[in-house]
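Text of input.pdb, listed as PDB, C-alpha atoms, pLDDT in the B column:
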```pdb
ATOM      1  CA  MET H   1       0.000   0.000   0.000  1.00 61.00           C
ATOM      2  CA  VAL H   2       1.545   3.292  -1.103  1.00 69.00           C
ATOM      3  CA  ARG H   3       0.426   6.338   0.846  1.00 76.00           C
ATOM      4  CA  LYS H   4      -0.098   9.552  -1.023  1.00 78.00           C
ATOM      5  CA  PRO H   5       1.365  12.574   0.744  1.00 82.00           C
ATOM      6  CA  ARG H   6      -1.433  14.675   2.137  1.00 82.00           C
ATOM      7  CA  PRO H   7      -1.301  18.231   3.393  1.00 80.00           C
ATOM      8  CA  VAL H   8      -0.788  18.343   7.141  1.00 79.00           C
ATOM      9  CA  PHE H   9      -1.683  21.334   9.296  1.00 75.00           C
ATOM     10  CA  LEU H  10      -0.688  20.727  12.873  1.00 79.00           C
ATOM     11  CA  GLU H  11       0.043  24.104  14.414  1.00 81.00           C
ATOM     12  CA  LEU H  12      -1.659  23.257  17.674  1.00 78.00           C
ATOM     13  CA  ALA H  13      -1.568  26.850  18.927  1.00 81.00           C
ATOM     14  CA  ARG H  14      -3.512  28.034  15.876  1.00 82.00           C
ATOM     15  CA  ILE H  15      -6.148  25.298  15.785  1.00 83.00           C
ATOM     16  CA  ARG H  16      -9.376  26.574  17.356  1.00 86.00           C
ATOM     17  CA  MET H  17     -11.310  23.636  18.701  1.00 88.00           C
ATOM     18  CA  PRO H  18     -15.010  23.521  19.563  1.00 92.00           C
ATOM     19  CA  ILE H  19     -15.759  23.144  23.268  1.00 95.00           C
ATOM     20  CA  GLY H  20     -16.907  19.529  22.806  1.00 95.00           C
ATOM     21  CA  ALA H  21     -13.434  18.632  21.549  1.00 95.00           C
ATOM     22  CA  TRP H  22     -11.991  19.738  24.900  1.00 96.00           C
ATOM     23  CA  THR H  23     -14.539  17.553  26.704  1.00 96.00           C
ATOM     24  CA  SER H  24     -13.563  14.631  24.492  1.00 96.00           C
ATOM     25  CA  MET H  25      -9.811  15.143  24.932  1.00 96.00           C
ATOM     26  CA  GLY H  26     -10.329  15.550  28.650  1.00 97.00           C
ATOM     27  CA  HIS H  27     -12.193  12.245  28.677  1.00 97.00           C
ATOM     28  CA  ARG H  28      -9.149  10.515  27.173  1.00 97.00           C
ATOM     29  CA  VAL H  29      -6.585  12.290  29.325  1.00 98.00           C
ATOM     30  CA  SER H  30      -8.585  11.669  32.507  1.00 98.00           C
ATOM     31  CA  GLY H  31      -8.979   8.006  31.516  1.00 98.00           C
ATOM     32  CA  VAL H  32      -5.221   7.553  31.172  1.00 98.00           C
ATOM     33  CA  VAL H  33      -4.647   9.429  34.457  1.00 98.00           C
ATOM     34  CA  LEU H  34      -7.152   7.145  36.186  1.00 98.00           C
ATOM     35  CA  ALA H  35      -5.594   4.005  34.689  1.00 97.00           C
ATOM     36  CA  ALA H  36      -2.222   5.050  36.114  1.00 96.00           C
ATOM     37  CA  SER H  37      -3.709   5.920  39.496  1.00 97.00           C
ATOM     38  CA  VAL H  38      -5.488   2.537  39.729  1.00 97.00           C
ATOM     39  CA  LEU H  39      -2.070   0.923  40.071  1.00 96.00           C
ATOM     40  CA  VAL H  40      -1.295   3.093  43.105  1.00 97.00           C
ATOM     41  CA  ALA H  41      -4.819   2.636  44.470  1.00 97.00           C
ATOM     42  CA  VAL H  42      -4.543  -1.172  44.374  1.00 98.00           C
ATOM     43  CA  TYR H  43      -1.221  -0.994  46.225  1.00 98.00           C
ATOM     44  CA  LEU H  44      -2.732   1.294  48.884  1.00 98.00           C
ATOM     45  CA  LEU H  45      -5.810  -0.930  49.229  1.00 97.00           C
ATOM     46  CA  GLY H  46      -3.611  -3.959  49.874  1.00 97.00           C
ATOM     47  CA  LEU H  47      -1.459  -1.992  52.328  1.00 97.00           C
ATOM     48  CA  SER H  48      -4.466  -0.655  54.245  1.00 97.00           C
ATOM     49  CA  LEU H  49      -5.833  -4.181  54.680  1.00 97.00           C
ATOM     50  CA  ARG H  50      -2.527  -5.899  55.511  1.00 96.00           C
ATOM     51  CA  ASP H  51      -2.182  -4.862  59.149  1.00 95.00           C
ATOM     52  CA  GLU H  52      -2.716  -2.003  61.572  1.00 97.00           C
ATOM     53  CA  ALA H  53       0.635  -0.392  60.647  1.00 97.00           C
ATOM     54  CA  GLY H  54      -0.212  -0.465  56.941  1.00 97.00           C
ATOM     55  CA  PHE H  55      -3.597   1.120  57.624  1.00 97.00           C
ATOM     56  CA  VAL H  56      -1.980   3.942  59.599  1.00 97.00           C
ATOM     57  CA  GLN H  57       0.614   4.422  56.822  1.00 97.00           C
ATOM     58  CA  VAL H  58      -2.164   4.926  54.252  1.00 97.00           C
ATOM     59  CA  THR H  59      -4.173   7.333  56.432  1.00 95.00           C
ATOM     60  CA  THR H  60      -1.107   9.468  57.232  1.00 96.00           C
ATOM     61  CA  LEU H  61      -0.452   9.819  53.475  1.00 96.00           C
ATOM     62  CA  PHE H  62      -3.521  12.074  53.333  1.00 92.00           C
ATOM     63  CA  GLY H  63      -1.651  14.597  55.468  1.00 92.00           C
ATOM     64  CA  GLN H  64       1.134  15.040  52.923  1.00 95.00           C
ATOM     65  CA  THR H  65       1.033  17.883  50.423  1.00 96.00           C
ATOM     66  CA  ALA H  66       2.368  15.882  47.457  1.00 96.00           C
ATOM     67  CA  PHE H  67      -0.192  13.129  48.009  1.00 97.00           C
ATOM     68  CA  LYS H  68      -3.039  15.604  48.485  1.00 97.00           C
ATOM     69  CA  THR H  69      -2.080  17.344  45.235  1.00 97.00           C
ATOM     70  CA  ALA H  70      -2.170  13.991  43.423  1.00 97.00           C
ATOM     71  CA  VAL H  71      -5.581  13.287  44.987  1.00 97.00           C
ATOM     72  CA  VAL H  72      -6.920  16.600  43.626  1.00 97.00           C
ATOM     73  CA  VAL H  73      -5.758  15.662  40.106  1.00 98.00           C
ATOM     74  CA  VAL H  74      -7.359  12.210  40.464  1.00 98.00           C
ATOM     75  CA  VAL H  75     -10.587  13.792  41.763  1.00 97.00           C
ATOM     76  CA  TRP H  76     -10.664  16.015  38.653  1.00 98.00           C
ATOM     77  CA  ALA H  77     -10.034  12.950  36.481  1.00 98.00           C
ATOM     78  CA  ILE H  78     -12.818  10.948  38.141  1.00 97.00           C
ATOM     79  CA  PHE H  79     -15.422  13.701  37.871  1.00 97.00           C
ATOM     80  CA  HIS H  80     -14.506  14.736  34.343  1.00 98.00           C
ATOM     81  CA  HIS H  81     -14.445  11.118  33.213  1.00 98.00           C
ATOM     82  CA  VAL H  82     -17.778  10.238  34.850  1.00 97.00           C
ATOM     83  CA  LEU H  83     -19.537  13.406  33.651  1.00 98.00           C
ATOM     84  CA  ALA H  84     -18.162  13.199  30.104  1.00 97.00           C
ATOM     85  CA  GLY H  85     -18.994   9.475  30.075  1.00 97.00           C
ATOM     86  CA  THR H  86     -22.558  10.154  31.211  1.00 96.00           C
ATOM     87  CA  ARG H  87     -22.862  12.814  28.498  1.00 97.00           C
ATOM     88  CA  HIS H  88     -21.641  10.202  26.026  1.00 94.00           C
ATOM     89  CA  LEU H  89     -24.131   7.586  27.280  1.00 94.00           C
ATOM     90  CA  LEU H  90     -26.993  10.079  26.977  1.00 95.00           C
ATOM     91  CA  SER H  91     -25.975  10.846  23.403  1.00 93.00           C
ATOM     92  CA  ASP H  92     -26.122   7.080  22.688  1.00 91.00           C
ATOM     93  CA  PHE H  93     -29.837   7.435  23.419  1.00 92.00           C
ATOM     94  CA  GLY H  94     -30.066  10.533  21.261  1.00 91.00           C
ATOM     95  CA  ILE H  95     -30.329  12.864  24.252  1.00 94.00           C
ATOM     96  CA  GLY H  96     -28.559  16.215  23.989  1.00 92.00           C
ATOM     97  CA  SER H  97     -27.451  15.941  20.363  1.00 89.00           C
ATOM     98  CA  PRO H  98     -28.603  19.348  18.990  1.00 92.00           C
ATOM     99  CA  LEU H  99     -25.546  21.589  18.677  1.00 93.00           C
ATOM    100  CA  ARG H 100     -26.687  24.224  21.155  1.00 94.00           C
ATOM    101  CA  VAL H 101     -27.496  21.677  23.886  1.00 95.00           C
ATOM    102  CA  ALA H 102     -24.311  19.687  23.156  1.00 95.00           C
ATOM    103  CA  ARG H 103     -22.214  22.857  23.562  1.00 96.00           C
ATOM    104  CA  GLN H 104     -23.948  23.709  26.836  1.00 96.00           C
ATOM    105  CA  SER H 105     -23.434  20.215  28.270  1.00 97.00           C
ATOM    106  CA  ALA H 106     -19.783  20.278  27.133  1.00 97.00           C
ATOM    107  CA  TRP H 107     -19.227  23.558  28.998  1.00 97.00           C
ATOM    108  CA  PHE H 108     -21.013  22.100  32.019  1.00 97.00           C
ATOM    109  CA  VAL H 109     -18.826  18.958  32.064  1.00 97.00           C
ATOM    110  CA  ASN H 110     -15.561  20.881  31.628  1.00 97.00           C
ATOM    111  CA  LEU H 111     -16.344  23.445  34.315  1.00 98.00           C
ATOM    112  CA  ALA H 112     -17.976  21.025  36.774  1.00 97.00           C
ATOM    113  CA  GLY H 113     -14.906  18.769  36.704  1.00 97.00           C
ATOM    114  CA  LEU H 114     -12.619  21.687  37.571  1.00 97.00           C
ATOM    115  CA  PHE H 115     -15.041  23.092  40.144  1.00 97.00           C
ATOM    116  CA  LEU H 116     -15.359  19.750  41.976  1.00 97.00           C
ATOM    117  CA  ALA H 117     -11.566  19.346  41.986  1.00 97.00           C
ATOM    118  CA  LEU H 118     -11.277  22.802  43.606  1.00 97.00           C
ATOM    119  CA  LEU H 119     -13.934  21.772  46.121  1.00 96.00           C
ATOM    120  CA  ALA H 120     -11.912  18.652  46.973  1.00 95.00           C
ATOM    121  CA  ALA H 121      -8.798  20.791  47.390  1.00 95.00           C
ATOM    122  CA  GLY H 122     -10.720  23.100  49.707  1.00 95.00           C
ATOM    123  CA  ALA H 123     -11.966  20.155  51.754  1.00 93.00           C
ATOM    124  CA  MET H 124      -8.455  18.728  52.213  1.00 91.00           C
ATOM    125  CA  TRP H 125      -6.591  21.941  53.068  1.00 91.00           C
TER     126      TRP H 125
ATOM    127  CA  MET X   1      -7.355 -10.869  23.744  1.00 46.00           C
ATOM    128  CA  SER X   2      -7.195  -7.897  21.392  1.00 49.00           C
ATOM    129  CA  LYS X   3      -9.422  -9.774  18.965  1.00 54.00           C
ATOM    130  CA  ARG X   4     -12.000 -10.589  21.581  1.00 58.00           C
ATOM    131  CA  PHE X   5     -13.074  -7.243  23.040  1.00 64.00           C
ATOM    132  CA  THR X   6     -13.658  -5.404  19.772  1.00 72.00           C
ATOM    133  CA  GLY X   7     -16.512  -3.749  17.924  1.00 84.00           C
ATOM    134  CA  LEU X   8     -19.970  -4.006  19.420  1.00 89.00           C
ATOM    135  CA  LYS X   9     -18.722  -6.233  22.248  1.00 90.00           C
ATOM    136  CA  ALA X  10     -16.215  -3.614  23.385  1.00 92.00           C
ATOM    137  CA  TRP X  11     -18.952  -0.989  23.147  1.00 91.00           C
ATOM    138  CA  TRP X  12     -21.114  -3.042  25.521  1.00 93.00           C
ATOM    139  CA  VAL X  13     -18.250  -3.852  27.919  1.00 94.00           C
ATOM    140  CA  GLN X  14     -17.462  -0.139  28.161  1.00 94.00           C
ATOM    141  CA  ARG X  15     -21.034   0.886  28.906  1.00 95.00           C
ATOM    142  CA  VAL X  16     -22.196  -1.926  31.196  1.00 96.00           C
ATOM    143  CA  SER X  17     -19.005  -1.693  33.276  1.00 97.00           C
ATOM    144  CA  ALA X  18     -19.339   2.099  33.444  1.00 97.00           C
ATOM    145  CA  VAL X  19     -22.903   1.919  34.768  1.00 97.00           C
ATOM    146  CA  TYR X  20     -22.019  -0.746  37.366  1.00 97.00           C
ATOM    147  CA  MET X  21     -18.963   1.185  38.565  1.00 97.00           C
ATOM    148  CA  LEU X  22     -20.919   4.435  38.825  1.00 96.00           C
ATOM    149  CA  CYS X  23     -23.708   2.790  40.868  1.00 97.00           C
ATOM    150  CA  PHE X  24     -21.175   0.981  43.088  1.00 97.00           C
ATOM    151  CA  VAL X  25     -19.115   4.105  43.796  1.00 96.00           C
ATOM    152  CA  LEU X  26     -22.250   6.121  44.639  1.00 96.00           C
ATOM    153  CA  PHE X  27     -23.323   3.289  46.978  1.00 95.00           C
ATOM    154  CA  LEU X  28     -19.856   3.323  48.602  1.00 95.00           C
ATOM    155  CA  LEU X  29     -19.974   7.087  49.160  1.00 94.00           C
ATOM    156  CA  VAL X  30     -23.379   6.875  50.851  1.00 96.00           C
ATOM    157  CA  SER X  31     -22.291   3.850  52.889  1.00 94.00           C
ATOM    158  CA  PHE X  32     -19.083   5.547  54.113  1.00 94.00           C
ATOM    159  CA  ALA X  33     -21.012   8.715  54.927  1.00 94.00           C
ATOM    160  CA  LEU X  34     -23.494   6.755  57.065  1.00 95.00           C
ATOM    161  CA  HIS X  35     -21.019   4.276  58.595  1.00 92.00           C
ATOM    162  CA  PRO X  36     -17.489   5.714  58.693  1.00 92.00           C
ATOM    163  CA  LEU X  37     -14.772   3.041  58.895  1.00 92.00           C
ATOM    164  CA  GLN X  38     -12.031   5.012  60.578  1.00 91.00           C
ATOM    165  CA  THR X  39     -10.240   2.241  62.439  1.00 95.00           C
ATOM    166  CA  TYR X  40      -8.345  -0.754  61.074  1.00 97.00           C
ATOM    167  CA  PRO X  41     -10.497  -3.461  62.759  1.00 96.00           C
ATOM    168  CA  ARG X  42     -13.734  -1.980  61.412  1.00 96.00           C
ATOM    169  CA  TRP X  43     -12.299  -1.409  57.904  1.00 96.00           C
ATOM    170  CA  HIS X  44     -10.876  -4.949  57.789  1.00 96.00           C
ATOM    171  CA  ALA X  45     -14.064  -6.562  59.151  1.00 96.00           C
ATOM    172  CA  TRP X  46     -16.246  -4.683  56.647  1.00 96.00           C
ATOM    173  CA  MET X  47     -14.036  -5.591  53.678  1.00 96.00           C
ATOM    174  CA  ALA X  48     -13.850  -9.242  54.797  1.00 96.00           C
ATOM    175  CA  ARG X  49     -17.642  -9.672  54.719  1.00 96.00           C
ATOM    176  CA  PRO X  50     -18.453 -12.028  51.805  1.00 94.00           C
ATOM    177  CA  SER X  51     -21.030  -9.618  50.367  1.00 95.00           C
ATOM    178  CA  THR X  52     -18.523  -6.729  50.376  1.00 95.00           C
ATOM    179  CA  SER X  53     -15.730  -8.859  48.911  1.00 95.00           C
ATOM    180  CA  ALA X  54     -18.056 -10.176  46.184  1.00 95.00           C
ATOM    181  CA  ALA X  55     -19.290  -6.684  45.254  1.00 96.00           C
ATOM    182  CA  PHE X  56     -15.673  -5.481  45.091  1.00 97.00           C
ATOM    183  CA  MET X  57     -14.679  -8.444  42.935  1.00 96.00           C
ATOM    184  CA  VAL X  58     -17.432  -7.569  40.436  1.00 97.00           C
ATOM    185  CA  PHE X  59     -16.266  -3.938  40.595  1.00 98.00           C
ATOM    186  CA  PHE X  60     -12.666  -4.947  39.838  1.00 98.00           C
ATOM    187  CA  VAL X  61     -13.740  -7.135  36.897  1.00 97.00           C
ATOM    188  CA  ALA X  62     -15.755  -4.182  35.528  1.00 98.00           C
ATOM    189  CA  LEU X  63     -12.820  -1.818  36.148  1.00 98.00           C
ATOM    190  CA  LEU X  64     -10.227  -4.033  34.442  1.00 97.00           C
ATOM    191  CA  GLY X  65     -12.536  -4.688  31.457  1.00 97.00           C
ATOM    192  CA  HIS X  66     -13.249  -0.959  31.162  1.00 97.00           C
ATOM    193  CA  MET X  67      -9.516  -0.187  31.376  1.00 98.00           C
ATOM    194  CA  TRP X  68      -8.728  -2.737  28.680  1.00 97.00           C
ATOM    195  CA  VAL X  69     -11.184  -1.252  26.174  1.00 96.00           C
ATOM    196  CA  GLY X  70     -10.130   2.327  26.956  1.00 96.00           C
ATOM    197  CA  LEU X  71      -6.369   1.780  26.891  1.00 97.00           C
ATOM    198  CA  ARG X  72      -6.694  -0.398  23.783  1.00 96.00           C
ATOM    199  CA  ASP X  73      -8.560   2.423  22.004  1.00 94.00           C
ATOM    200  CA  VAL X  74      -5.848   4.919  22.968  1.00 96.00           C
ATOM    201  CA  LEU X  75      -3.022   2.618  21.785  1.00 96.00           C
ATOM    202  CA  LEU X  76      -4.827   1.774  18.520  1.00 94.00           C
ATOM    203  CA  ASP X  77      -5.160   5.506  17.835  1.00 94.00           C
ATOM    204  CA  TYR X  78      -1.655   6.709  18.705  1.00 94.00           C
ATOM    205  CA  ALA X  79       0.900   3.896  18.975  1.00 94.00           C
ATOM    206  CA  ARG X  80       3.047   3.622  15.829  1.00 91.00           C
ATOM    207  CA  PRO X  81       4.537   1.562  14.234  1.00 95.00           C
ATOM    208  CA  ALA X  82       2.495  -1.655  14.384  1.00 94.00           C
ATOM    209  CA  GLY X  83       5.272  -3.579  16.148  1.00 96.00           C
ATOM    210  CA  LEU X  84       5.444  -1.126  19.035  1.00 96.00           C
ATOM    211  CA  ARG X  85       1.640  -1.129  19.212  1.00 96.00           C
ATOM    212  CA  ARG X  86       1.597  -4.918  19.572  1.00 96.00           C
ATOM    213  CA  VAL X  87       4.197  -4.813  22.335  1.00 97.00           C
ATOM    214  CA  LEU X  88       2.301  -2.097  24.221  1.00 97.00           C
ATOM    215  CA  LEU X  89      -1.057  -3.894  23.842  1.00 97.00           C
ATOM    216  CA  ALA X  90       0.495  -7.109  25.169  1.00 97.00           C
ATOM    217  CA  THR X  91       2.075  -5.175  28.069  1.00 97.00           C
ATOM    218  CA  VAL X  92      -1.286  -3.647  29.007  1.00 97.00           C
ATOM    219  CA  ALA X  93      -3.063  -7.010  28.689  1.00 97.00           C
ATOM    220  CA  PHE X  94      -0.546  -8.799  30.933  1.00 98.00           C
ATOM    221  CA  GLY X  95      -0.494  -5.856  33.323  1.00 97.00           C
ATOM    222  CA  LEU X  96      -4.277  -6.016  33.712  1.00 98.00           C
ATOM    223  CA  LEU X  97      -4.208  -9.798  34.187  1.00 98.00           C
ATOM    224  CA  GLY X  98      -1.505  -9.360  36.820  1.00 98.00           C
ATOM    225  CA  MET X  99      -3.621  -6.720  38.537  1.00 97.00           C
ATOM    226  CA  ALA X 100      -6.599  -9.107  38.550  1.00 97.00           C
ATOM    227  CA  LEU X 101      -4.501 -11.751  40.336  1.00 98.00           C
ATOM    228  CA  TRP X 102      -3.139  -9.152  42.773  1.00 98.00           C
ATOM    229  CA  LEU X 103      -6.682  -7.979  43.646  1.00 98.00           C
ATOM    230  CA  LEU X 104      -7.875 -11.576  44.013  1.00 97.00           C
ATOM    231  CA  TRP X 105      -4.990 -12.192  46.423  1.00 97.00           C
ATOM    232  CA  ILE X 106      -5.841  -9.047  48.439  1.00 97.00           C
ATOM    233  CA  LEU X 107      -9.472 -10.148  48.791  1.00 97.00           C
ATOM    234  CA  LEU X 108      -8.744 -13.813  49.536  1.00 95.00           C
ATOM    235  CA  ARG X 109      -6.145 -12.890  52.161  1.00 95.00           C
ATOM    236  CA  LEU X 110      -8.964 -11.173  54.104  1.00 94.00           C
ATOM    237  CA  GLN X 111     -10.582 -14.557  54.705  1.00 90.00           C
ATOM    238  CA  ALA X 112      -7.438 -16.047  56.276  1.00 79.00           C
TER     239      ALA X 112
END
```
Would you mind writing the file's structure down as structure tokens?
Amino acid sequence: MVRKPRPVFLELARIRMPIGAWTSMGHRVSGVVLAASVLVAVYLLGLSLRDEAGFVQVTTLFGQTAFKTAVVVVVWAIFHHVLAGTRHLLSDFGIGSPLRVARQSAWFVNLAGLFLALLAAGAMW
Amino acid sequence: MSKRFTGLKAWWVQRVSAVYMLCFVLFLLVSFALHPLQTYPRWHAWMARPSTSAAFMVFFVALLGHMWVGLRDVLLDYARPAGLRRVLLATVAFGLLGMALWLLWILLRLQA
């Protein structure tokens, strides 16, 4: 198979994307972030259930700034992923497809994810 | 494995697992809010209950299936060339299988 050269325009700074594209990219990025954090979460689950000392080790982690910062990122990832996923599921049923509604729900998902992450940060500090 | 979870099947795995995980996490949040498990004995005893362990096992199966479809999609879209893609897909597949065994071990150890 011989590929014909096609014009490529990839100046990321000059590409203006519709708001739904940000929701979609965020869905992917948050998914990869969550996949990576699952590895850590499984380790911490095992540690917290191993013995009393392990349990205390896990709970004291929540007092450390680096860990709390990571938790805020994961909280953003969870909420963005769940909200964008729910938006996706609804569109499977044909709900929210008109452009105006789709743009509104995309804004809602993007902002709600960030807002809830800020809320989590506020709750932990 | 990459041949098995494709097309419509992958679509269903992604959605059914998503709905189960969402319901389970909401249930967990309500449960923790009503009955906080702030000491090791209570946390351990709650996790060791067969009903809790079983619900978590279903959750982990849903999670790993969901992760497989999602990570596979990402690798199919971006990983080039084909050889590297195959290596990465195999790495993810074995990683997820390893994680399944690890989680099984964590849950079974509770019964000891």
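Between chain X and the candidates H:Val42, H:Met124, H:Ile78, H:Val8, the tightest atom-to-atom separation, counting only C-alpha atoms, involves H:Val42.
Using all atoms listed in the file, the smallest distance between any of X:Phe56, X:Tyr40, X:Phe32, X:Trp68 and chain H comes from X:Tyr40.
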Show me, as a list in words, the residues that have an atom within 9 Å of segment 41-43 of chain X when counting all atoms listed in the file, minus same-chain residues fewer than 3 positions from it.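 So, after excluding close chain neighbours, the residues are Ser48, Leu49 and Glu52 of chain H; Pro36, Leu37, Gln38, Trp46, Met47 and Ala48 of chain X.
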Apply the ChimeraX specification (/H :<12) & /X to the displayed file and report the matching residues as a ChimeraX atom specification. /X:11-12,14-19,21-23,25-26,37-48,56,60,63-75,77-78,92,95-96,98-112
Save the residues we just selected, C-alpha atoms, as a short mmCIF file (atom, residue, chain, number, x, y, z; two decimals), in the frame of the given file?
```
data_model
loop_
_atom_site.label_atom_id
_atom_site.label_comp_id
_atom_site.auth_asym_id
_atom_site.auth_seq_id
_atom_site.Cartn_x
_atom_site.Cartn_y
_atom_site.Cartn_z
CA TRP X 11 -18.95 -0.99 23.15
CA TRP X 12 -21.11 -3.04 25.52
CA GLN X 14 -17.46 -0.14 28.16
CA ARG X 15 -21.03 0.89 28.91
CA VAL X 16 -22.20 -1.93 31.20
CA SER X 17 -19.00 -1.69 33.28
CA ALA X 18 -19.34 2.10 33.44
CA VAL X 19 -22.90 1.92 34.77
CA MET X 21 -18.96 1.18 38.56
CA LEU X 22 -20.92 4.43 38.83
CA CYS X 23 -23.71 2.79 40.87
CA VAL X 25 -19.11 4.11 43.80
CA LEU X 26 -22.25 6.12 44.64
CA LEU X 37 -14.77 3.04 58.90
CA GLN X 38 -12.03 5.01 60.58
CA THR X 39 -10.24 2.24 62.44
CA TYR X 40 -8.35 -0.75 61.07
CA PRO X 41 -10.50 -3.46 62.76
CA ARG X 42 -13.73 -1.98 61.41
CA TRP X 43 -12.30 -1.41 57.90
CA HIS X 44 -10.88 -4.95 57.79
CA ALA X 45 -14.06 -6.56 59.15
CA TRP X 46 -16.25 -4.68 56.65
CA MET X 47 -14.04 -5.59 53.68
CA ALA X 48 -13.85 -9.24 54.80
CA PHE X 56 -15.67 -5.48 45.09
CA PHE X 60 -12.67 -4.95 39.84
CA LEU X 63 -12.82 -1.82 36.15
CA LEU X 64 -10.23 -4.03 34.44
CA GLY X 65 -12.54 -4.69 31.46
CA HIS X 66 -13.25 -0.96 31.16
CA MET X 67 -9.52 -0.19 31.38
CA TRP X 68 -8.73 -2.74 28.68
CA VAL X 69 -11.18 -1.25 26.17
CA GLY X 70 -10.13 2.33 26.96
CA LEU X 71 -6.37 1.78 26.89
CA ARG X 72 -6.69 -0.40 23.78
CA ASP X 73 -8.56 2.42 22.00
CA VAL X 74 -5.85 4.92 22.97
CA LEU X 75 -3.02 2.62 21.78
CA ASP X 77 -5.16 5.51 17.84
CA TYR X 78 -1.66 6.71 18.70
CA VAL X 92 -1.29 -3.65 29.01
CA GLY X 95 -0.49 -5.86 33.32
CA LEU X 96 -4.28 -6.02 33.71
CA GLY X 98 -1.50 -9.36 36.82
CA MET X 99 -3.62 -6.72 38.54
CA ALA X 100 -6.60 -9.11 38.55
CA LEU X 101 -4.50 -11.75 40.34
CA TRP X 102 -3.14 -9.15 42.77
CA LEU X 103 -6.68 -7.98 43.65
CA LEU X 104 -7.88 -11.58 44.01
CA TRP X 105 -4.99 -12.19 46.42
CA ILE X 106 -5.84 -9.05 48.44
CA LEU X 107 -9.47 -10.15 48.79
CA LEU X 108 -8.74 -13.81 49.54
CA ARG X 109 -6.14 -12.89 52.16
CA LEU X 110 -8.96 -11.17 54.10
CA GLN X 111 -10.58 -14.56 54.70
CA ALA X 112 -7.44 -16.05 56.28
#
```
Figure out the distance between atom CA of His27 of chain H and atom CA of Ala41 of chain H, please, to one decimal in Å.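 A separation of 19.9 Å between them.
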Using the chain letters and numbers from the file, give me the residues hit by the PyMOL selection byres ((chain H and resi 19) around 9), as a PyMOL selection string. chain H and resi 17-18+20-24+103-104+106-107+110
Nearest candidate to Ser105 of chain H (options H:Val73, H:Met25, H:Leu61, H:Leu90; using all atoms listed in the file):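 Going through H:Val73, H:Met25, H:Leu61, H:Leu90 one by one, the smallest distance to Ser105 of chain H is for H:Leu90.
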Quick one: apply the PyMOL selection byres ((chain H and resi 123) around 12) to the file and drop the selected residues here as number ranges by chain. H: 62, 68, 71-72, 75, 116-122, 124-125
What does the distance between atom CA of Phe67 of chain H and atom CA of Val40 of chain H come to in Å, to one decimal place?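 Result for atom CA of Phe67 of chain H versus atom CA of Val40 of chain H: 11.2 Å, one decimal.
For the pair atom CA of His81 of chain H and atom CA of Pro98 of chain H, the separation is 21.7 Å.
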Enclose segment 77-96 of chain H, meaning all of its atoms listed in the file, in a box aligned along x, y and z, pad it by 8 Å on each side, and list the centre and edge lengths in Å to one decimal, as lines of an AutoDock Vina configuration file.
```
center_x = -20.2
center_y = 11.6
center_z = 29.7
size_x = 36.3
size_y = 25.1
size_z = 32.9
```
